[in-house]
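With JSON, C-alpha atoms inside, this is start_16.json:
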```json
[["chain", "number", "residue", "atom", "x", "y", "z"],
["A", 1, "MET", "CA", 82.09, 59.99, 116.69],
["A", 2, "SER", "CA", 84.66, 62.72, 117.16],
["A", 3, "THR", "CA", 84.70, 66.15, 118.77],
["A", 4, "ARG", "CA", 84.94, 69.28, 116.63],
["A", 5, "ALA", "CA", 85.55, 72.90, 117.64],
["A", 6, "VAL", "CA", 82.66, 74.73, 115.94],
["A", 7, "VAL", "CA", 82.35, 78.49, 115.46],
["A", 8, "ARG", "CA", 79.34, 79.81, 117.41],
["A", 9, "GLY", "CA", 80.05, 83.53, 117.31],
["A", 10, "VAL", "CA", 82.29, 86.14, 115.69],
["A", 11, "GLY", "CA", 82.96, 89.82, 116.33],
["A", 12, "HIS", "CA", 85.47, 92.62, 115.92],
["A", 13, "TYR", "CA", 86.33, 96.10, 117.11],
["A", 14, "LEU", "CA", 88.26, 98.95, 115.50],
["A", 15, "PRO", "CA", 89.45, 102.13, 117.23],
["A", 16, "GLU", "CA", 87.52, 105.27, 116.26],
["A", 17, "ARG", "CA", 90.44, 107.16, 114.76],
["A", 18, "VAL", "CA", 90.86, 106.46, 111.04],
["A", 19, "MET", "CA", 94.16, 107.45, 109.46],
["A", 20, "GLU", "CA", 93.95, 107.88, 105.69],
["A", 21, "ASN", "CA", 97.04, 107.53, 103.49],
["A", 22, "ALA", "CA", 96.95, 111.24, 102.71],
["A", 23, "GLU", "CA", 97.90, 111.97, 106.33],
["A", 24, "PHE", "CA", 101.33, 110.42, 105.73],
["A", 25, "GLU", "CA", 101.99, 112.91, 102.93],
["A", 26, "THR", "CA", 102.31, 115.63, 105.58],
["A", 27, "MET", "CA", 104.80, 113.56, 107.63],
["A", 28, "LEU", "CA", 106.90, 111.56, 105.17],
["A", 29, "ASP", "CA", 108.27, 111.51, 101.64],
["A", 30, "THR", "CA", 105.43, 109.33, 100.36],
["A", 31, "THR", "CA", 102.09, 109.54, 98.59],
["A", 32, "ASP", "CA", 98.67, 107.93, 98.78],
["A", 33, "GLU", "CA", 99.28, 106.42, 95.34],
["A", 34, "TRP", "CA", 102.64, 104.92, 96.38],
["A", 35, "ILE", "CA", 101.10, 103.29, 99.49],
["A", 36, "ARG", "CA", 98.09, 101.93, 97.55],
["A", 37, "THR", "CA", 100.25, 100.60, 94.71],
["A", 38, "ARG", "CA", 102.75, 98.86, 96.99],
["A", 39, "SER", "CA", 100.37, 97.52, 99.64],
["A", 40, "GLY", "CA", 96.72, 97.97, 98.66],
["A", 41, "ILE", "CA", 96.19, 99.85, 101.94],
["A", 42, "GLU", "CA", 94.02, 102.98, 101.86],
["A", 43, "ARG", "CA", 93.46, 103.60, 105.57],
["A", 44, "ARG", "CA", 93.99, 102.10, 109.01],
["A", 45, "HIS", "CA", 92.61, 102.57, 112.54],
["A", 46, "ILE", "CA", 94.80, 103.94, 115.33],
["A", 47, "ALA", "CA", 94.16, 103.35, 119.04],
["A", 48, "ALA", "CA", 93.45, 106.44, 121.12],
["A", 49, "GLU", "CA", 95.88, 107.65, 123.76],
["A", 50, "GLY", "CA", 95.52, 105.36, 126.76],
["A", 51, "GLN", "CA", 93.57, 102.74, 124.77],
["A", 52, "THR", "CA", 95.29, 99.37, 125.20],
["A", 53, "THR", "CA", 95.31, 96.03, 123.42],
["A", 54, "SER", "CA", 93.12, 94.47, 126.13],
["A", 55, "ASP", "CA", 90.60, 97.31, 125.65],
["A", 56, "LEU", "CA", 90.28, 96.44, 121.95],
["A", 57, "ALA", "CA", 90.19, 92.71, 122.74],
["A", 58, "LEU", "CA", 87.39, 93.20, 125.26],
["A", 59, "ARG", "CA", 85.18, 94.95, 122.70],
["A", 60, "ALA", "CA", 85.74, 92.19, 120.12],
["A", 61, "ALA", "CA", 85.09, 89.55, 122.80],
["A", 62, "GLN", "CA", 81.79, 91.19, 123.77],
["A", 63, "ALA", "CA", 80.75, 91.30, 120.11],
["A", 64, "ALA", "CA", 81.53, 87.58, 119.63],
["A", 65, "LEU", "CA", 79.66, 86.63, 122.82],
["A", 66, "ALA", "CA", 76.63, 88.66, 121.70],
["A", 67, "ASP", "CA", 76.75, 87.01, 118.26],
["A", 68, "ALA", "CA", 76.80, 83.58, 119.91],
["A", 69, "GLY", "CA", 74.02, 84.50, 122.36],
["A", 70, "MET", "CA", 76.29, 83.55, 125.25],
["A", 71, "GLU", "CA", 77.66, 85.15, 128.40],
["A", 72, "ALA", "CA", 81.13, 85.21, 129.92],
["A", 73, "ALA", "CA", 80.07, 82.62, 132.51],
["A", 74, "ASP", "CA", 79.55, 80.14, 129.63],
["A", 75, "LEU", "CA", 83.26, 80.23, 128.73],
["A", 76, "ASP", "CA", 85.91, 77.76, 129.87],
["A", 77, "ALA", "CA", 88.91, 79.55, 128.41],
["A", 78, "ILE", "CA", 90.23, 82.59, 126.59],
["A", 79, "VAL", "CA", 93.19, 82.35, 124.21],
["A", 80, "LEU", "CA", 94.43, 85.77, 123.11],
["A", 81, "ALA", "CA", 96.96, 86.21, 120.31],
["A", 82, "THR", "CA", 99.01, 89.40, 120.54],
["A", 83, "SER", "CA", 102.54, 90.78, 120.32],
["A", 84, "THR", "CA", 101.54, 94.09, 121.92],
["A", 85, "ALA", "CA", 100.11, 93.13, 125.32],
["A", 86, "ASP", "CA", 99.41, 95.96, 127.80],
["A", 87, "LEU", "CA", 102.01, 94.83, 130.34],
["A", 88, "THR", "CA", 104.96, 92.44, 130.48],
["A", 89, "PHE", "CA", 102.65, 90.41, 132.72],
["A", 90, "PRO", "CA", 99.95, 89.45, 133.50],
["A", 91, "SER", "CA", 98.61, 88.38, 130.12],
["A", 92, "ALA", "CA", 96.15, 90.54, 128.22],
["A", 93, "ALA", "CA", 93.86, 87.48, 128.20],
["A", 94, "THR", "CA", 93.47, 87.58, 131.99],
["A", 95, "MET", "CA", 92.65, 91.30, 131.75],
["A", 96, "VAL", "CA", 89.85, 90.48, 129.28],
["A", 97, "GLN", "CA", 88.73, 87.64, 131.57],
["A", 98, "ALA", "CA", 88.39, 90.09, 134.49],
["A", 99, "ALA", "CA", 86.71, 92.80, 132.41],
["A", 100, "LEU", "CA", 84.13, 90.29, 131.12],
["A", 101, "GLY", "CA", 83.35, 89.22, 134.69],
["A", 102, "MET", "CA", 84.45, 85.64, 133.93],
["A", 103, "GLN", "CA", 85.40, 84.16, 137.32],
["A", 104, "GLY", "CA", 86.08, 80.56, 136.32],
["A", 105, "GLY", "CA", 88.18, 78.83, 133.70],
["A", 106, "PHE", "CA", 91.56, 80.03, 132.47],
["A", 107, "ALA", "CA", 93.08, 82.57, 130.09],
["A", 108, "PHE", "CA", 96.46, 82.99, 128.43],
["A", 109, "ASP", "CA", 98.25, 84.82, 125.61],
["A", 110, "VAL", "CA", 99.88, 83.35, 122.51],
["A", 111, "GLN", "CA", 102.69, 85.21, 120.75],
["A", 112, "ALA", "CA", 103.45, 84.34, 117.13],
["A", 113, "VAL", "CA", 103.20, 87.86, 115.70],
["A", 114, "CYS", "CA", 101.08, 87.93, 112.50],
["A", 115, "ALA", "CA", 100.61, 84.15, 112.64],
["A", 116, "GLY", "CA", 99.34, 84.47, 116.22],
["A", 117, "PHE", "CA", 95.67, 83.90, 115.52],
["A", 118, "VAL", "CA", 96.35, 80.72, 113.54],
["A", 119, "TYR", "CA", 98.46, 79.48, 116.47],
["A", 120, "ALA", "CA", 95.72, 80.49, 118.92],
["A", 121, "LEU", "CA", 93.06, 78.63, 116.89],
["A", 122, "ALA", "CA", 95.23, 75.51, 116.83],
["A", 123, "ASN", "CA", 95.67, 75.70, 120.62],
["A", 124, "ALA", "CA", 91.95, 76.28, 121.21],
["A", 125, "ASP", "CA", 91.10, 73.36, 118.91],
["A", 126, "ALA", "CA", 93.48, 71.10, 120.86],
["A", 127, "LEU", "CA", 91.91, 72.17, 124.18],
["A", 128, "ILE", "CA", 88.44, 71.34, 122.89],
["A", 129, "VAL", "CA", 89.31, 68.07, 121.14],
["A", 130, "SER", "CA", 91.21, 66.85, 124.22],
["A", 131, "GLY", "CA", 88.25, 67.65, 126.47],
["A", 132, "GLN", "CA", 90.01, 70.31, 128.55],
["A", 133, "ALA", "CA", 87.50, 72.97, 127.52],
["A", 134, "LYS", "CA", 84.06, 73.05, 125.91],
["A", 135, "ARG", "CA", 83.86, 76.73, 125.00],
["A", 136, "VAL", "CA", 86.91, 78.81, 124.12],
["A", 137, "LEU", "CA", 86.97, 82.47, 123.13],
["A", 138, "VAL", "CA", 89.84, 83.01, 120.68],
["A", 139, "ILE", "CA", 90.91, 86.63, 120.23],
["A", 140, "GLY", "CA", 93.46, 88.42, 118.08],
["A", 141, "ALA", "CA", 94.22, 91.98, 119.22],
["A", 142, "GLU", "CA", 97.04, 94.43, 118.50],
["A", 143, "THR", "CA", 98.13, 98.03, 118.97],
["A", 144, "PHE", "CA", 100.99, 97.94, 116.47],
["A", 145, "SER", "CA", 100.91, 101.74, 116.24],
["A", 146, "ARG", "CA", 102.84, 101.68, 119.55],
["A", 147, "ILE", "CA", 105.86, 99.85, 118.11],
["A", 148, "LEU", "CA", 106.29, 101.68, 114.79],
["A", 149, "ASP", "CA", 109.07, 103.98, 113.69],
["A", 150, "TRP", "CA", 106.93, 106.82, 112.34],
["A", 151, "THR", "CA", 109.91, 108.14, 110.34],
["A", 152, "ASP", "CA", 110.34, 104.87, 108.38],
["A", 153, "ARG", "CA", 108.05, 105.11, 105.36],
["A", 154, "ALA", "CA", 108.70, 101.46, 104.43],
["A", 155, "THR", "CA", 107.00, 100.15, 107.58],
["A", 156, "CYS", "CA", 104.85, 102.72, 109.37],
["A", 157, "VAL", "CA", 102.33, 103.02, 106.52],
["A", 158, "LEU", "CA", 101.56, 99.29, 106.61],
["A", 159, "PHE", "CA", 100.18, 98.65, 110.08],
["A", 160, "GLY", "CA", 97.05, 99.43, 112.08],
["A", 161, "ASP", "CA", 95.27, 98.59, 115.32],
["A", 162, "GLY", "CA", 92.23, 96.39, 115.90],
["A", 163, "ALA", "CA", 90.79, 93.20, 117.35],
["A", 164, "GLY", "CA", 88.69, 90.24, 116.27],
["A", 165, "ALA", "CA", 87.30, 87.20, 118.09],
["A", 166, "LEU", "CA", 85.78, 83.78, 117.45],
["A", 167, "LEU", "CA", 83.83, 81.76, 119.99],
["A", 168, "LEU", "CA", 84.44, 78.03, 119.58],
["A", 169, "GLU", "CA", 82.31, 75.30, 121.14],
["A", 170, "ALA", "CA", 82.75, 71.53, 121.31],
["A", 171, "ALA", "CA", 80.25, 69.68, 119.11],
["A", 172, "PRO", "CA", 79.96, 66.07, 117.98],
["A", 173, "GLY", "CA", 81.31, 65.30, 114.52],
["A", 174, "THR", "CA", 81.65, 62.25, 112.32],
["A", 175, "GLY", "CA", 85.34, 62.73, 111.69],
["A", 176, "ALA", "CA", 84.58, 63.38, 108.01],
["A", 177, "PRO", "CA", 85.54, 66.51, 106.03],
["A", 178, "SER", "CA", 81.83, 67.39, 105.85],
["A", 179, "ASP", "CA", 81.79, 68.19, 109.62],
["A", 180, "ARG", "CA", 81.38, 71.76, 110.79],
["A", 181, "GLY", "CA", 84.24, 73.22, 112.83],
["A", 182, "ILE", "CA", 88.03, 73.10, 112.64],
["A", 183, "LEU", "CA", 89.04, 70.25, 110.34],
["A", 184, "ALA", "CA", 92.84, 70.62, 110.24],
["A", 185, "THR", "CA", 95.68, 72.85, 111.39],
["A", 186, "ASP", "CA", 99.27, 73.23, 110.20],
["A", 187, "LEU", "CA", 101.88, 75.19, 112.17],
["A", 188, "ASN", "CA", 105.49, 76.00, 111.27],
["A", 189, "SER", "CA", 108.35, 78.24, 112.33],
["A", 190, "ASP", "CA", 111.99, 78.85, 111.42],
["A", 191, "GLY", "CA", 113.96, 80.97, 113.87],
["A", 192, "ARG", "CA", 116.87, 81.37, 111.46],
["A", 193, "HIS", "CA", 114.95, 84.16, 109.72],
["A", 194, "ARG", "CA", 114.62, 86.38, 112.78],
["A", 195, "ASP", "CA", 116.33, 89.37, 111.19],
["A", 196, "LEU", "CA", 113.73, 89.68, 108.40],
["A", 197, "LEU", "CA", 111.01, 90.97, 110.73],
["A", 198, "TYR", "CA", 111.51, 91.87, 114.38],
["A", 199, "VAL", "CA", 111.31, 94.58, 117.04],
["A", 200, "ASP", "CA", 114.75, 95.74, 118.12],
["A", 201, "GLY", "CA", 114.07, 95.85, 121.85],
["A", 202, "GLY", "CA", 112.48, 93.92, 124.70],
["A", 203, "VAL", "CA", 112.19, 93.26, 128.40],
["A", 204, "SER", "CA", 115.31, 91.19, 129.03],
["A", 205, "THR", "CA", 117.48, 93.68, 127.13],
["A", 206, "GLN", "CA", 115.82, 96.54, 129.07],
["A", 207, "THR", "CA", 115.13, 98.45, 125.86],
["A", 208, "THR", "CA", 112.03, 99.47, 123.98],
["A", 209, "GLY", "CA", 112.22, 98.94, 120.26],
["A", 210, "VAL", "CA", 110.46, 99.55, 116.97],
["A", 211, "LEU", "CA", 109.51, 97.25, 114.13],
["A", 212, "LYS", "CA", 112.22, 96.45, 111.59],
["A", 213, "MET", "CA", 111.50, 94.64, 108.32],
["A", 214, "GLU", "CA", 113.26, 93.44, 105.19],
["A", 215, "GLY", "CA", 110.22, 93.84, 102.95],
["A", 216, "LYS", "CA", 111.41, 92.07, 99.79],
["A", 217, "GLU", "CA", 112.67, 89.04, 101.69],
["A", 218, "VAL", "CA", 109.49, 88.78, 103.76],
["A", 219, "PHE", "CA", 107.43, 88.94, 100.54],
["A", 220, "ARG", "CA", 109.45, 86.11, 98.96],
["A", 221, "HIS", "CA", 109.09, 83.85, 102.00],
["A", 222, "ALA", "CA", 105.42, 84.75, 102.47],
["A", 223, "VAL", "CA", 104.06, 83.63, 99.11],
["A", 224, "GLU", "CA", 105.95, 80.33, 99.09],
["A", 225, "LYS", "CA", 105.24, 79.43, 102.73],
["A", 226, "LEU", "CA", 101.60, 80.54, 102.79],
["A", 227, "ALA", "CA", 100.74, 78.43, 99.75],
["A", 228, "ALA", "CA", 102.61, 75.43, 101.18],
["A", 229, "THR", "CA", 100.91, 75.59, 104.60],
["A", 230, "ALA", "CA", 97.47, 75.97, 103.02],
["A", 231, "ASP", "CA", 98.18, 72.90, 100.86],
["A", 232, "ALA", "CA", 99.35, 70.94, 103.92],
["A", 233, "ALA", "CA", 96.27, 71.82, 105.99],
["A", 234, "LEU", "CA", 93.89, 70.89, 103.16],
["A", 235, "GLU", "CA", 95.68, 67.57, 102.68],
["A", 236, "LYS", "CA", 95.38, 66.82, 106.42],
["A", 237, "ALA", "CA", 91.65, 67.57, 106.17],
["A", 238, "GLY", "CA", 91.26, 65.26, 103.17],
["A", 239, "LEU", "CA", 90.09, 68.14, 100.98],
["A", 240, "ARG", "CA", 91.09, 69.82, 97.71],
["A", 241, "HIS", "CA", 91.33, 73.44, 96.61],
["A", 242, "ASP", "CA", 88.15, 72.97, 94.59],
["A", 243, "ASP", "CA", 86.28, 72.31, 97.85],
["A", 244, "VAL", "CA", 87.20, 75.72, 99.31],
["A", 245, "ASP", "CA", 84.53, 78.43, 99.42],
["A", 246, "TRP", "CA", 86.68, 81.19, 100.92],
["A", 247, "VAL", "CA", 90.34, 81.87, 101.51],
["A", 248, "VAL", "CA", 90.69, 84.30, 104.43],
["A", 249, "PRO", "CA", 94.38, 85.25, 104.44],
["A", 250, "HIS", "CA", 96.39, 87.35, 106.85],
["A", 251, "GLN", "CA", 95.81, 90.89, 105.59],
["A", 252, "ALA", "CA", 99.36, 92.18, 105.21],
["A", 253, "ASN", "CA", 99.68, 93.32, 101.64],
["A", 254, "ILE", "CA", 97.40, 92.97, 98.61],
["A", 255, "ARG", "CA", 100.31, 91.81, 96.45],
["A", 256, "ILE", "CA", 101.08, 88.95, 98.85],
["A", 257, "ILE", "CA", 97.37, 88.06, 98.97],
["A", 258, "LYS", "CA", 97.07, 88.03, 95.17],
["A", 259, "SER", "CA", 100.33, 86.15, 94.60],
["A", 260, "THR", "CA", 99.42, 83.48, 97.17],
["A", 261, "ALA", "CA", 95.92, 83.08, 95.67],
["A", 262, "LYS", "CA", 97.49, 82.63, 92.23],
["A", 263, "LYS", "CA", 99.92, 80.01, 93.57],
["A", 264, "LEU", "CA", 96.97, 78.18, 95.18],
["A", 265, "GLY", "CA", 94.93, 78.44, 91.98],
["A", 266, "THR", "CA", 92.21, 80.34, 93.86],
["A", 267, "PRO", "CA", 90.32, 83.13, 92.05],
["A", 268, "MET", "CA", 90.27, 86.46, 93.90],
["A", 269, "GLU", "CA", 86.45, 86.27, 93.98],
["A", 270, "LYS", "CA", 86.93, 83.57, 96.62],
["A", 271, "VAL", "CA", 89.32, 85.65, 98.76],
["A", 272, "VAL", "CA", 88.08, 87.85, 101.62],
["A", 273, "VAL", "CA", 90.03, 91.13, 101.45],
["A", 274, "THR", "CA", 89.93, 93.84, 104.13],
["A", 275, "VAL", "CA", 93.52, 95.14, 103.98],
["A", 276, "GLN", "CA", 92.42, 98.34, 102.19],
["A", 277, "ASP", "CA", 90.43, 99.47, 105.25],
["A", 278, "HIS", "CA", 92.49, 98.13, 108.16],
["A", 279, "GLY", "CA", 96.12, 97.78, 107.06],
["A", 280, "ASN", "CA", 98.12, 94.98, 108.65],
["A", 281, "THR", "CA", 96.68, 94.41, 112.13],
["A", 282, "SER", "CA", 98.99, 91.43, 112.79],
["A", 283, "ALA", "CA", 97.28, 88.80, 115.00],
["A", 284, "ALA", "CA", 93.97, 90.68, 114.71],
["A", 285, "SER", "CA", 93.85, 90.54, 110.92],
["A", 286, "ILE", "CA", 92.31, 87.09, 110.37],
["A", 287, "PRO", "CA", 89.50, 87.26, 112.98],
["A", 288, "LEU", "CA", 88.80, 90.82, 111.81],
["A", 289, "ALA", "CA", 88.51, 89.60, 108.20],
["A", 290, "LEU", "CA", 86.33, 86.65, 109.26],
["A", 291, "SER", "CA", 84.02, 88.99, 111.20],
["A", 292, "VAL", "CA", 83.79, 91.50, 108.35],
["A", 293, "GLY", "CA", 83.32, 88.69, 105.80],
["A", 294, "ALA", "CA", 80.45, 87.26, 107.85],
["A", 295, "ALA", "CA", 78.89, 90.71, 108.34],
["A", 296, "ARG", "CA", 79.09, 91.35, 104.58],
["A", 297, "GLY", "CA", 77.20, 88.12, 103.95],
["A", 298, "GLN", "CA", 80.17, 86.56, 102.15],
["A", 299, "ILE", "CA", 80.85, 83.83, 104.73],
["A", 300, "LYS", "CA", 77.82, 81.63, 105.41],
["A", 301, "ARG", "CA", 77.15, 78.57, 107.55],
["A", 302, "GLY", "CA", 78.59, 75.45, 105.98],
["A", 303, "ASP", "CA", 81.22, 77.30, 103.93],
["A", 304, "LEU", "CA", 84.67, 75.75, 103.81],
["A", 305, "ILE", "CA", 87.35, 78.27, 104.78],
["A", 306, "VAL", "CA", 91.12, 78.20, 104.58],
["A", 307, "THR", "CA", 92.93, 80.82, 106.59],
["A", 308, "GLU", "CA", 96.71, 81.28, 106.51],
["A", 309, "ALA", "CA", 99.25, 83.70, 107.97],
["A", 310, "ILE", "CA", 102.96, 84.39, 108.30],
["A", 311, "GLY", "CA", 104.75, 86.67, 110.73],
["A", 312, "GLY", "CA", 107.99, 87.37, 112.54],
["A", 313, "GLY", "CA", 109.90, 84.33, 113.70],
["A", 314, "LEU", "CA", 109.40, 83.42, 110.97],
["A", 315, "ALA", "CA", 106.20, 81.71, 112.09],
["A", 316, "TRP", "CA", 103.47, 80.58, 109.73],
["A", 317, "GLY", "CA", 100.50, 78.26, 109.52],
["A", 318, "ALA", "CA", 97.02, 77.53, 108.25],
["A", 319, "VAL", "CA", 93.64, 76.35, 109.53],
["A", 320, "VAL", "CA", 90.88, 74.65, 107.55],
["A", 321, "LEU", "CA", 87.43, 75.04, 109.05],
["A", 322, "ARG", "CA", 83.81, 74.68, 108.04],
["A", 323, "TRP", "CA", 81.74, 77.67, 109.20]]
```

Could you show the structure in this file as structure tokens?
Amino acid sequence: MSTRAVVRGVGHYLPERVMENAEFETMLDTTDEWIRTRSGIERRHIAAEGQTTSDLALRAAQAALADAGMEAADLDAIVLATSTADLTFPSAATMVQAALGMQGGFAFDVQAVCAGFVYALANADALIVSGQAKRVLVIGAETFSRILDWTDRATCVLFGDGAGALLLEAAPGTGAPSDRGILATDLNSDGRHRDLLYVDGGVSTQTTGVLKMEGKEVFRHAVEKLAATADAALEKAGLRHDDVDWVVPHQANIRIIKSTAKKLGTPMEKVVVTVQDHGNTSAASIPLALSVGAARGQIKRGDLIVTEAIGGGLAWGAVVLRW
């Protein structure tokens, strides 16, 4: 017998304000067609004034708890992936813990930019498998609209705000690939590529910055590394691409999604795509896509899912799980 971290609930939250591509035409030298062609993005959600990352995370957390039929008191831990926490400290996770009324257990943030949710899932899985926690709420939440240069048409059109959450619970497994739950994880980073995607400011430099990106270079690294990490995670799980029901990729750019699927030999009919409606929501993108995919009736119990992401660092990774 072995212990598996099984998904019991899923949920997401998007800010009310929807920003269509056409709105950028009044601000920048760009068009709806240009944005769609280059990224596949049609619209994104933008947090309201005063609405913080922990606010979005709380709503997604409540949705996942409701989906699981559980309460905050049932949780042992919260792991929240974000690069846009409300404050320098304390963590956004502890703010969600307090807002949920969860008085026991522990909560902490994970920062791996767009790969954050994959890193958070791997951490939550390790906590459950090692016996340190039985139920872990894993959240990805971002307000990337706060760190954009709204005069840079190459970057500001790509990102949006949102949150998604999964509730994981320890369950007995056989150790076989047929088990439900997280079957394998694969994490990687290479700090030499920092200048490809970063924010040019931070606490210790006493500056506030905006997102900077070398788009072509990020694209090149993304396709190669996403396919490789998905392959590695499947191999660790003892599974093949033919076994996969759904690929749920980080929703950054439709061209990256399509190119990675092609490299993996996965037809697009097996790929959950939400980038057109949400833009790149960084650490929120994968749980958001999982929640939307489940709500659409695409993702069903027993389905084998591969999820992969790459972000600033560069940091990248993949998780194989059976729903």

Checklist outcome for this item: What separates CA of Val218 in chain A and CA of Ile256 in chain A is a distance of 9.7 Å

Next on the checklist: With only C-alpha atoms as the counted atoms, please give the residues lying no more than 7 Å from range 306-323 of chain A, apart from itself and same-chain residues fewer than 5 positions off, as a PyMOL selection string.
Outcome noted: chain A and resi 7+112-115+118+179-191+193-194+197-198+222+226+229-230+233-234+246-250+300-301

Can I get the selected residues back with C-alpha atoms, as a compact mmCIF listing (two decimals), in the frame of the given file?
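Below you can see result17.txt, which holds the result:
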```txt
# COMPACT_ATOMS: atom_id res chain seq x y z
CA VAL A 7 82.35 78.49 115.46
CA ALA A 112 103.45 84.34 117.13
CA VAL A 113 103.20 87.86 115.70
CA CYS A 114 101.08 87.93 112.50
CA ALA A 115 100.61 84.15 112.64
CA VAL A 118 96.35 80.72 113.54
CA ASP A 179 81.79 68.19 109.62
CA ARG A 180 81.38 71.76 110.79
CA GLY A 181 84.24 73.22 112.83
CA ILE A 182 88.03 73.10 112.64
CA LEU A 183 89.04 70.25 110.34
CA ALA A 184 92.84 70.62 110.24
CA THR A 185 95.68 72.85 111.39
CA ASP A 186 99.27 73.23 110.20
CA LEU A 187 101.88 75.19 112.17
CA ASN A 188 105.49 76.00 111.27
CA SER A 189 108.35 78.24 112.33
CA ASP A 190 111.99 78.85 111.42
CA GLY A 191 113.96 80.97 113.87
CA HIS A 193 114.95 84.16 109.72
CA ARG A 194 114.62 86.38 112.78
CA LEU A 197 111.01 90.97 110.73
CA TYR A 198 111.51 91.87 114.38
CA ALA A 222 105.42 84.75 102.47
CA LEU A 226 101.60 80.54 102.79
CA THR A 229 100.91 75.59 104.60
CA ALA A 230 97.47 75.97 103.02
CA ALA A 233 96.27 71.82 105.99
CA LEU A 234 93.89 70.89 103.16
CA TRP A 246 86.68 81.19 100.92
CA VAL A 247 90.34 81.87 101.51
CA VAL A 248 90.69 84.30 104.43
CA PRO A 249 94.38 85.25 104.44
CA HIS A 250 96.39 87.35 106.85
CA LYS A 300 77.82 81.63 105.41
CA ARG A 301 77.15 78.57 107.55
```

I'd like a table as JSON lines: residues in range 201-240 of chain A with an atom no more than 9 Å from range 151-165 of chain A, each row giving the shortest atom pair and its distance in Å to one decimal, only C-alpha atoms counted, sorted by chain and rising residue number.
```
{"residue": "A:Leu211", "atom": "CA", "partner": "A:Thr155", "partner_atom": "CA", "distance": 7.6}
{"residue": "A:Lys212", "atom": "CA", "partner": "A:Thr155", "partner_atom": "CA", "distance": 7.6}
{"residue": "A:Met213", "atom": "CA", "partner": "A:Thr155", "partner_atom": "CA", "distance": 7.2}
{"residue": "A:Gly215", "atom": "CA", "partner": "A:Ala154", "partner_atom": "CA", "distance": 7.9}
```

Show me, as CSV, the residues of range 173-275 of chain A having an atom within 8 Å of range 135-149 of chain A, each with the closest atom pair and its distance in Å, using all atoms listed in the file.
```
residue,atom,partner,partner_atom,distance
A:Val199,CA,A:Ile147,CA,7.7
A:Gly209,CA,A:Ile147,CA,6.8
A:Val210,CA,A:Ile147,CA,4.7
A:Leu211,CA,A:Leu148,CA,5.5
```

Checklist entry - What is the CA of His241 in chain A-CA of Pro267 in chain A distance in Å, reported with one decimal? => result 10.8 Å

Next on the checklist: As an exercise, work out the distance from CA of Met268 in chain A to CA of Gln298 in chain A in Å and give it to one decimal place.
Outcome noted: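 It comes out at 13.0 Å.
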
How close does range 55-78 of chain A get to range 119-134 of chain A? List, as CSV, each residue of range 55-78 of chain A within 10 Å, its nearest atom pair and the distance in Å to one decimal, counting only C-alpha atoms.
```
residue,atom,partner,partner_atom,distance
A:Asp74,CA,A:Lys134,CA,9.2
A:Leu75,CA,A:Lys134,CA,7.8
A:Asp76,CA,A:Ala133,CA,5.6
A:Ala77,CA,A:Ala133,CA,6.8
A:Ile78,CA,A:Ala124,CA,8.5
```

Can you spit out the residues from that selection as a PDB file, in the coordinates of the input, using C-alpha atoms?
```pdb
ATOM      1  CA  ASP A  74      79.550  80.140 129.630  1.00  0.00           C
ATOM      2  CA  LEU A  75      83.260  80.230 128.730  1.00  0.00           C
ATOM      3  CA  ASP A  76      85.910  77.760 129.870  1.00  0.00           C
ATOM      4  CA  ALA A  77      88.910  79.550 128.410  1.00  0.00           C
ATOM      5  CA  ILE A  78      90.230  82.590 126.590  1.00  0.00           C
TER       6      ILE A  78
END
```

Item to check | Residue nearest Arg240 in chain A - candidates A:Glu217, A:Leu304, A:Lys263, A:Asn21, atoms counted: all atoms listed in the file | outcome: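 So, comparing all the options, the nearest one is A:Leu304.
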
Item to check | Spatial neighbours of Ala93 in chain A, 10 Å, all atoms listed in the file, chain gap at least 3 places, as number ranges by chain | outcome: A: 53-54, 57-58, 77-82, 85, 90, 96-99, 106-110, 137-139
